[in-house]
>>> print(open('my_file.cif').read())   # mmCIF, C-alpha atoms
data_data
#
loop_
_atom_site.label_atom_id
_atom_site.label_comp_id
_atom_site.auth_asym_id
_atom_site.auth_seq_id
_atom_site.Cartn_x
_atom_site.Cartn_y
_atom_site.Cartn_z
CA MET A 1091 116.84 110.56 83.46
CA ASP A 1092 113.28 111.74 82.81
CA SER A 1093 111.10 112.57 85.80
CA THR A 1094 107.46 111.48 85.64
CA ALA A 1095 106.43 113.59 88.64
CA LEU A 1096 104.03 116.50 88.31
CA ASP A 1097 104.98 119.95 89.62
CA ILE A 1098 103.74 119.70 93.21
CA PRO A 1099 104.93 121.83 96.15
CA SER A 1100 106.84 119.88 98.77
CA ARG A 1101 105.07 119.03 102.04
CA ARG A 1102 108.26 117.92 103.76
CA ASP A 1103 108.35 120.90 106.13
CA THR A 1104 104.64 120.66 107.00
CA VAL A 1105 104.56 117.11 108.39
CA SER A 1106 106.53 115.19 111.02
CA ALA A 1107 109.71 113.37 110.12
CA GLU A 1108 107.92 110.08 110.81
CA GLU A 1109 105.04 110.91 108.48
CA TRP A 1110 107.44 112.08 105.78
CA ALA A 1111 109.32 108.76 105.94
CA VAL A 1112 106.04 106.87 105.44
CA ARG A 1113 105.09 109.20 102.60
CA VAL A 1114 108.38 108.53 100.81
CA ASP A 1115 108.07 104.76 101.24
CA LEU A 1116 104.45 104.80 100.06
CA ALA A 1117 105.29 106.90 97.00
CA ALA A 1118 108.14 104.48 96.28
CA CYS A 1119 105.67 101.60 96.52
CA TYR A 1120 103.35 103.23 93.98
CA ARG A 1121 106.27 103.77 91.59
CA LEU A 1122 107.44 100.17 92.00
CA VAL A 1123 103.94 98.81 91.36
CA ALA A 1124 103.93 100.79 88.11
CA ARG A 1125 107.43 99.60 87.16
CA TYR A 1126 106.47 95.97 87.74
CA GLY A 1127 103.36 96.40 85.60
CA TRP A 1128 100.87 95.76 88.40
CA ASP A 1129 98.88 98.97 87.99
CA ASP A 1130 95.42 99.20 86.40
CA LEU A 1131 95.27 102.70 84.86
CA VAL A 1132 94.37 104.96 87.83
CA PHE A 1133 92.36 102.31 89.66
CA THR A 1134 93.24 100.27 92.78
CA HIS A 1135 94.98 101.80 95.76
CA ILE A 1136 97.82 101.41 98.20
CA SER A 1137 97.17 102.94 101.62
CA ALA A 1138 99.34 103.51 104.68
CA ARG A 1139 98.54 104.45 108.25
CA VAL A 1140 99.88 107.86 109.39
CA PRO A 1141 102.30 107.38 112.32
CA ASP A 1142 101.09 108.60 115.72
CA ALA A 1143 97.68 109.60 114.34
CA GLU A 1144 94.26 108.21 115.26
CA ASP A 1145 92.76 106.59 112.19
CA GLU A 1146 94.42 108.78 109.54
CA PHE A 1147 95.78 107.31 106.34
CA LEU A 1148 97.65 108.27 103.18
CA ILE A 1149 96.35 107.35 99.74
CA ASN A 1150 96.89 108.28 96.11
CA PRO A 1151 95.19 111.27 94.48
CA PHE A 1152 92.41 109.85 92.32
CA GLY A 1153 93.20 110.24 88.62
CA MET A 1154 96.97 110.35 89.01
CA PHE A 1155 98.96 107.52 87.45
CA PHE A 1156 101.10 105.52 89.82
CA ASP A 1157 104.34 106.55 88.12
CA GLU A 1158 103.47 110.22 88.77
CA ILE A 1159 102.93 109.94 92.51
CA THR A 1160 105.24 111.71 94.93
CA ALA A 1161 105.45 111.85 98.71
CA SER A 1162 103.91 115.33 98.65
CA SER A 1163 100.99 114.42 96.39
CA LEU A 1164 99.62 111.74 98.73
CA VAL A 1165 96.35 112.72 100.38
CA LYS A 1166 95.58 112.30 104.08
CA ILE A 1167 92.12 110.87 104.79
CA ASP A 1168 90.06 109.39 107.63
CA LEU A 1169 88.48 105.93 107.87
CA HIS A 1170 85.53 107.12 105.78
CA GLY A 1171 87.74 108.33 102.94
CA ASN A 1172 87.23 112.01 103.73
CA LYS A 1173 90.14 114.42 103.43
CA VAL A 1174 91.39 115.63 106.82
CA GLU A 1175 93.64 118.38 105.51
CA ASP A 1176 93.70 120.76 102.58
CA SER A 1177 94.78 119.16 99.32
CA PRO A 1178 94.27 120.23 95.71
CA PHE A 1179 93.66 116.58 94.84
CA GLU A 1180 90.53 114.49 95.10
CA VAL A 1181 90.31 110.96 96.45
CA ASN A 1182 88.02 108.06 95.63
CA PRO A 1183 86.14 107.24 98.87
CA ALA A 1184 84.39 104.26 97.27
CA GLY A 1185 87.75 102.74 96.40
CA PHE A 1186 88.82 102.99 100.04
CA VAL A 1187 86.13 100.57 101.29
CA ILE A 1188 88.44 97.54 101.26
CA HIS A 1189 91.30 99.46 102.81
CA SER A 1190 89.25 101.10 105.54
CA ALA A 1191 87.79 97.74 106.60
CA ILE A 1192 91.26 96.26 107.07
CA HIS A 1193 92.82 99.31 108.71
CA ALA A 1194 89.95 99.51 111.21
CA ALA A 1195 90.27 95.84 112.18
CA ARG A 1196 94.01 95.19 111.88
CA HIS A 1197 95.96 97.74 113.90
CA ASP A 1198 99.11 95.72 113.28
CA VAL A 1199 98.85 96.66 109.59
CA LEU A 1200 100.57 99.79 108.35
CA CYS A 1201 100.03 99.20 104.63
CA VAL A 1202 97.30 97.66 102.46
CA LEU A 1203 98.16 96.96 98.79
CA HIS A 1204 95.49 95.93 96.27
CA THR A 1205 95.97 95.02 92.58
CA HIS A 1206 93.98 93.90 89.54
CA THR A 1207 96.78 92.19 87.60
CA LEU A 1208 95.95 89.80 84.77
CA ASN A 1209 97.72 86.89 86.46
CA GLY A 1210 96.11 87.65 89.80
CA VAL A 1211 92.60 87.91 88.40
CA ALA A 1212 93.15 84.75 86.33
CA VAL A 1213 94.04 82.71 89.41
CA SER A 1214 91.27 84.38 91.44
CA ALA A 1215 88.80 83.00 88.86
CA GLN A 1216 90.00 79.41 89.37
CA ARG A 1217 88.00 77.38 91.89
CA ALA A 1218 91.12 75.71 93.28
CA GLY A 1219 92.84 79.06 93.77
CA LEU A 1220 96.60 79.20 94.15
CA LEU A 1221 98.16 75.77 93.66
CA PRO A 1222 101.22 74.44 95.54
CA ILE A 1223 103.31 74.01 92.41
CA SER A 1224 106.21 76.44 92.92
CA GLN A 1225 108.68 77.65 95.50
CA HIS A 1226 107.08 81.09 95.25
CA ALA A 1227 103.71 79.58 96.20
CA LEU A 1228 105.41 77.98 99.23
CA PHE A 1229 106.11 81.48 100.58
CA VAL A 1230 102.46 82.50 100.17
CA LEU A 1231 100.09 79.61 100.86
CA PRO A 1232 100.43 79.31 104.67
CA ARG A 1233 99.35 82.95 105.11
CA LEU A 1234 96.79 83.18 102.31
CA GLY A 1235 93.02 83.66 102.59
CA TYR A 1236 90.17 83.91 100.06
CA HIS A 1237 87.20 86.26 99.82
CA ASP A 1238 84.25 85.47 97.56
CA PHE A 1239 83.16 88.02 94.98
CA GLU A 1240 80.15 90.14 95.99
CA GLY A 1241 80.32 92.63 93.15
CA PRO A 1242 82.42 95.82 93.12
CA ALA A 1243 83.62 96.40 96.69
CA LEU A 1244 81.61 99.55 97.36
CA ARG A 1245 79.29 98.52 100.20
CA ASP A 1246 80.05 98.79 103.90
CA ASP A 1247 78.09 95.64 104.73
CA GLU A 1248 80.80 93.58 102.98
CA LYS A 1249 83.48 94.77 105.40
CA PRO A 1250 82.95 92.18 108.19
CA ARG A 1251 83.16 89.31 105.72
CA LEU A 1252 86.25 90.76 104.09
CA VAL A 1253 87.98 91.20 107.45
CA GLY A 1254 86.94 87.72 108.55
CA ASP A 1255 88.33 86.13 105.40
CA LEU A 1256 91.63 87.95 105.78
CA GLY A 1257 91.89 86.96 109.44
CA ASP A 1258 95.51 87.22 110.55
CA HIS A 1259 96.85 86.41 107.09
CA SER A 1260 99.10 88.74 105.10
CA SER A 1261 97.70 87.83 101.65
CA LEU A 1262 94.17 87.58 100.30
CA ILE A 1263 92.84 86.47 96.92
CA LEU A 1264 89.65 88.36 96.11
CA ARG A 1265 87.84 85.85 93.91
CA ASN A 1266 87.02 87.12 90.39
CA HIS A 1267 88.58 90.43 91.40
CA GLY A 1268 92.28 90.54 92.25
CA LEU A 1269 94.96 90.33 94.93
CA LEU A 1270 95.59 92.03 98.26
CA THR A 1271 98.49 92.03 100.71
CA VAL A 1272 99.09 93.73 104.04
CA GLY A 1273 102.18 94.41 106.08
CA SER A 1274 103.44 96.00 109.26
CA THR A 1275 105.69 97.97 106.92
CA ILE A 1276 105.21 99.16 103.36
CA ALA A 1277 108.19 97.02 102.41
CA ASP A 1278 106.53 93.89 103.81
CA ALA A 1279 103.28 94.55 101.93
CA PHE A 1280 105.18 95.07 98.66
CA VAL A 1281 107.35 91.97 98.97
CA ALA A 1282 104.31 89.90 99.94
CA MET A 1283 102.63 91.09 96.74
CA TYR A 1284 105.76 90.29 94.74
CA TYR A 1285 105.61 86.64 95.82
CA LEU A 1286 101.83 86.37 95.45
CA GLU A 1287 101.89 87.88 91.96
CA ALA A 1288 104.89 85.74 90.93
CA ALA A 1289 103.19 82.57 92.19
CA CYS A 1290 100.08 83.44 90.17
CA ALA A 1291 102.12 84.14 87.03
CA ILE A 1292 104.00 80.85 87.38
CA GLN A 1293 100.72 78.97 87.77
CA VAL A 1294 99.10 80.56 84.71
CA ARG A 1295 102.18 79.79 82.58
CA ALA A 1296 102.46 76.24 83.88
CA GLN A 1297 98.78 75.59 83.11
CA ALA A 1298 99.19 77.06 79.65
CA GLY A 1299 101.91 74.52 78.91
CA GLY A 1300 99.32 71.75 79.06
CA GLY A 1301 101.49 69.22 80.86
CA GLU A 1302 100.76 67.48 84.15
CA LEU A 1303 101.54 69.72 87.12
CA ILE A 1304 103.65 68.47 90.03
CA PRO A 1305 102.27 69.59 93.41
CA VAL A 1306 104.56 70.24 96.36
CA GLY A 1307 103.73 67.95 99.29
CA LYS A 1308 102.23 69.46 102.44
CA ASP A 1309 105.13 68.31 104.62
CA ILE A 1310 107.61 70.10 102.36
CA LEU A 1311 105.33 73.13 102.20
CA ASP A 1312 105.07 73.40 105.98
CA ARG A 1313 108.76 72.75 106.64
CA GLY A 1314 109.90 75.12 103.91
CA TYR A 1315 107.64 77.90 105.14
CA ALA A 1316 108.92 77.53 108.70
CA ASP A 1317 112.52 77.74 107.47
CA VAL A 1318 111.77 80.84 105.41
CA GLU A 1319 109.97 82.52 108.32
CA ARG A 1320 112.95 81.95 110.60
CA VAL A 1321 115.40 83.44 108.09
CA GLN A 1322 113.16 86.42 107.37
CA ARG A 1323 112.75 87.26 111.06
CA SER A 1324 116.53 87.31 111.46
CA ARG A 1325 116.78 89.81 108.61
CA GLY A 1326 114.15 92.30 109.74
CA GLY A 1327 110.99 90.86 108.20
CA GLN A 1328 109.87 89.87 104.73
CA GLY A 1329 110.71 93.21 103.15
CA GLY A 1330 113.72 94.17 105.26
CA LEU A 1331 116.33 92.76 102.91
CA ALA A 1332 114.91 93.72 99.50
CA TRP A 1333 113.42 97.16 100.18
CA PRO A 1334 116.65 99.22 100.38
CA GLY A 1335 117.73 97.78 97.02
CA LEU A 1336 114.33 98.53 95.50
CA ARG A 1337 114.62 102.13 96.69
CA ARG A 1338 118.12 102.38 95.21
CA ARG A 1339 116.79 101.10 91.89
CA LEU A 1340 114.15 103.83 91.90
CA ASP A 1341 116.74 106.45 92.84
CA ARG A 1342 118.85 105.51 89.82
CA VAL A 1343 115.89 105.78 87.44
CA ASP A 1344 113.80 108.65 88.82
CA PRO A 1345 114.21 109.89 92.41
CA SER A 1346 111.30 112.34 92.11
CA TYR A 1347 109.03 109.99 94.10
CA ALA A 1348 110.74 111.28 97.26
CA THR A 1349 109.76 114.92 96.68
#
>>> encode(input="my_file.cif", output="structure tokens")
Amino acid sequence: MDSTALDIPSRRDTVSAEEWAVRVDLAACYRLVARYGWDDLVFTHISARVPDAEDEFLINPFGMFFDEITASSLVKIDLHGNKVEDSPFEVNPAGFVIHSAIHAARHDVLCVLHTHTLNGVAVSAQRAGLLPISQHALFVLPRLGYHDFEGPALRDDEKPRLVGDLGDHSSLILRNHGLLTVGSTIADAFVAMYYLEAACAIQVRAQAGGGELIPVGKDILDRGYADVERVQRSRGGQGGLAWPGLRRRLDRVDPSYAT
């Protein structure tokens, strides 16, 4: 087993047990994004709200690859992307614009996950967006919004439009840009991204085949989504069932994320 973590002193004894648990889950999420091939060099971010803190968040050190991130390397910042505690690592405040907009408006959201995957960007560039052609899309479409491209997301004046387009959804396609999911837990945000990314990949492959696509009818879409929602609620939310197994998979390969 080869660890990919850098040599970073542990912060476990300097933060609350609740914050440490969020740090471990967020570091696990970064590692999983890397393992699933959703990362984009050192760009894009996954952020999480610090428990019992007023507008404080955890984010990756800028320049560190996702498969290097540990619970102790995560940096605590405010809504403006400024560090609120000593850290040897820098952050990318400009890259936090999307995240800060959502965290400020959606207090039900613990985690915001944003990717630039090839499949996601490919579907984001299609006028029709995500098509109802797979069971995976069924899980996504009823809670999916779209945000038009306004250039690199670096300007604060875009925030109200971004928040409005997300609304109360859990998934957002950023046209010509990428994908975004949110969740009341880090597990929920990750699993939402899993289904959104899988639905995009299925669509791109189906279109590449050149044959006529078979859309799922709206009645089936609505009924299927309602059934899935009911089952998920009984099992602790969208990520409640899969997340422990995902953590175990990481532990078998490289448990250094939790340091």
>>> resolve_selection(input="my_file.cif", expression="the PyMOL selection byres ((chain A and resi 1208-1218) around 6)", output="list of chain:residue names")
A:Thr1207, A:Gly1219, A:Arg1265, A:Asn1266, A:His1267, A:Gly1268, A:Leu1269, A:Cys1290, A:Ala1291
>>> closest_atom_pairs(input="my_file.cif", of="segment 1157-1213 of chain A", to="segment 1232-1252 of chain A", cutoff="9 Å", atoms="only C-alpha atoms", output="Markdown table")
| residue | atom | partner | partner_atom | distance |
| --- | --- | --- | --- | --- |
| A:Ala1184 | CA | A:Leu1244 | CA | 5.5 |
| A:Gly1185 | CA | A:Leu1244 | CA | 7.0 |
| A:Phe1186 | CA | A:Leu1244 | CA | 8.4 |
| A:Val1187 | CA | A:Leu1244 | CA | 6.1 |
| A:Ile1188 | CA | A:Ala1243 | CA | 6.7 |
| A:Ser1190 | CA | A:Lys1249 | CA | 8.6 |
| A:Ala1191 | CA | A:Lys1249 | CA | 5.4 |
| A:Ile1192 | CA | A:Leu1252 | CA | 8.0 |
>>> atom_distance(input="my_file.cif", atom1="atom CA of Ala1194 of chain A", atom2="atom CA of Asp1145 of chain A")
7.7 Å
>>> atom_distance(input="my_file.cif", atom1="atom CA of Arg1125 of chain A", atom2="atom CA of Met1154 of chain A")
15.1 Å
>>> closest_residue(input="my_file.cif", among="A:Gly1171, A:Gly1330, A:Gly1314, A:Gly1254", to="Val1230 of chain A", atoms="all atoms listed in the file")
A:Gly1314
>>> atom_distance(input="my_file.cif", atom1="atom CA of Phe1179 of chain A", atom2="atom CA of Thr1271 of chain A")
25.7 Å
>>> residues_around(input="my_file.cif", residues="Thr1349 of chain A", least_positions_apart="6", cutoff="8 Å", atoms="all atoms listed in the file", output="PyMOL selection string")
chain A and resi 1100+1102+1114+1160-1162
>>> residues_around(input="my_file.cif", residues="Ala1277 of chain A", least_positions_apart="6", cutoff="8 Å", atoms="all atoms listed in the file", output="PDB file with C-alpha atoms, keeping the file's coordinate frame")
ATOM      1  CA  ASP A1115     108.070 104.760 101.240  1.00  0.00           C
ATOM      2  CA  CYS A1119     105.670 101.600  96.520  1.00  0.00           C
ATOM      3  CA  GLN A1328     109.870  89.870 104.730  1.00  0.00           C
ATOM      4  CA  GLY A1329     110.710  93.210 103.150  1.00  0.00           C
ATOM      5  CA  GLY A1330     113.720  94.170 105.260  1.00  0.00           C
ATOM      6  CA  TRP A1333     113.420  97.160 100.180  1.00  0.00           C
TER       7      TRP A1333
END
>>> closest_residue(input="my_file.cif", among="A:Leu1220, A:Val1112, A:Ala1118, A:Leu1228", to="Leu1262 of chain A", atoms="all atoms listed in the file")
A:Leu1220
>>> residues_around(input="my_file.cif", residues="segment 1296-1312 of chain A", least_positions_apart="5", cutoff="9 Å", atoms="all atoms listed in the file", output="VMD selection string")
chain A and resid 1221 to 1225 1227 to 1229 1231 to 1232 1291 1317
>>> resolve_selection(input="my_file.cif", expression="the PyMOL selection byres ((chain A and resi 1126) around 12)", output="number ranges by chain")
A: 1119-1125, 1127-1130, 1156-1157, 1205, 1207, 1280-1281, 1283-1284, 1287-1288, 1336, 1340
>>> resolve_selection(input="my_file.cif", expression="the PyMOL selection byres ((chain A and resi 1101) around 12)", output="ChimeraX atom specification")
/A:1098-1100,1102-1107,1109-1111,1113-1114,1160-1166,1175-1177,1348-1349
